[in-house]
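This report refers to the structure that appears directly beneath it.
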Amino acid sequence: MSTSAPPPAPVLPLTWSPRRNRYVLLPLCGVMVIVFTVLAFALPPNWHANDRAAMVVSGLVFAGLALMLARPRVSADETGVTVVNFVRSRRLAWAEIVRVNLRAGDPWVILDLADGTSLAAVGIQPGAGRAQAVTAARALRDLVDERGTARR
């Protein structure tokens with residue numbers, strides 16, 4: 001019977017994000033702006049300048065919405081965790097995080113917080129790869145266990 005040492009704690013700082021989403025969404029945003037701009041100038045002559053401007057603005061709005069989908073990430077450093085979701089971001093000290101959850105069927109990691117609330121950490125999601133998400137959730141859980149309890 002051999003006892004194995006626990007795996008070493010991850011080296012900080014660390015950032016987890018669904019990279020495939022960014023690889024798809026960032027070029028798509030550029031394409032949307034270009035297509036809407038080309039369409040605005042390719043419209044028949046009876047379209048007015050404000051109609052053309054509305055087409056360009058529509059492309060920028062759609063690209064902005066797509067960029068929001070590319071935002072999510074979870075960053076850990078010596079002092080805590082920053083969770084950036086679609087619209088909001090939140091900075092948490094290690095002691096504020098009680099538990100890291102990624103159950104079967106969950107769309108992303110859920111952080112249980114010391115104040116009794118939960119926070120979605122969309123930057124770690126099985127949609128970008130189940131094994132990768134489980135590994136990231138375990139690493140974050142290990143960091144929370146190591147750093148959160150040491151400062152309580």
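Chain labels follow the order of the structure tokens: the first chain is A, the next B, and so on; residue numbering restarts at 1 in every chain, and ligands are counted from 1 in their shown order.
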Each residue of range 36-69 of chain A lying at most 9 Å from range 75-86 of chain A should get a row with its shortest atom-to-atom pair and the distance in Å to one decimal, counting only C-alpha atoms; could you produce that, ordered by chain and increasing number, as CSV?
residue,atom,partner,partner_atom,distance
A:Leu67,CA,A:Phe86,CA,8.8
A:Met68,CA,A:Phe86,CA,5.2
A:Leu69,CA,A:Phe86,CA,5.8
Store the residues picked out above in a file with N, CA and C atoms, as a CSV table (one decimal), in the first residue's frame.
chain,number,residue,atom,x,y,z
A,67,LEU,N,-19.8,40.4,-27.9
A,67,LEU,CA,-18.6,40.6,-27.0
A,67,LEU,C,-18.9,40.3,-25.6
A,68,MET,N,-20.2,40.6,-25.1
A,68,MET,CA,-20.6,40.3,-23.8
A,68,MET,C,-20.5,38.8,-23.5
A,69,LEU,N,-20.8,38.0,-24.5
A,69,LEU,CA,-20.8,36.5,-24.4
A,69,LEU,C,-19.3,36.0,-24.3
| note | Computed gap from CA of Gly127 in chain A to CA of Leu60 in chain A is 26.6 Å
| query | Between A:Leu65, A:Ala53, A:Val31, A:Leu113, which one has atoms that come closest to Trp94 in chain A, using only C-alpha atoms? | reply | A:Leu113
| request: Name the residues of chain A that fall into alpha helix (DSSP H) according to DSSP on the backbone, using the chain letters and numbers of this document, as number ranges by chain. | output: A: 19-42, 49-69, 130-143, 149-150
| query | What's the 12 Å shell around range 108-110 of chain A, counting only C-alpha atoms, without same-chain residues fewer than 2 positions away, as number ranges by chain? | reply | A: 16-18, 72-74, 83, 85, 97-106, 112-113, 117-130, 132-138, 140-141
| query | Quick one: residues within 9 Å of Leu28 in chain A, only C-alpha atoms counted, chain neighbours fewer than 5 positions away excluded, as a list in words? | reply | Tyr23, Val33, Ala63 and Ala66 of chain A
| task | Would you mind reading off the distance between CA of Phe36 in chain A and CA of His48 in chain A, one decimal, in Å? | result |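 Taking CA of Phe36 in chain A as the start and CA of His48 in chain A as the end point, the length is 15.4 Å.
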| request: Please identify all polymer residues within 7 Å of Ala40 in chain A, counting only C-alpha atoms, omitting same-chain residues fewer than 3 positions from it, and present them as a list in words. | output: Phe36, Thr37, Leu43, Arg52, Met55 and Val56 of chain A
| task | Please identify which residues in chain A DSSP calls strand (DSSP E or B) from the backbone, and express them as a PyMOL selection string. | result | chain A and resi 14-16+73-76+80-84+89-93+97-101+109-113+118-121
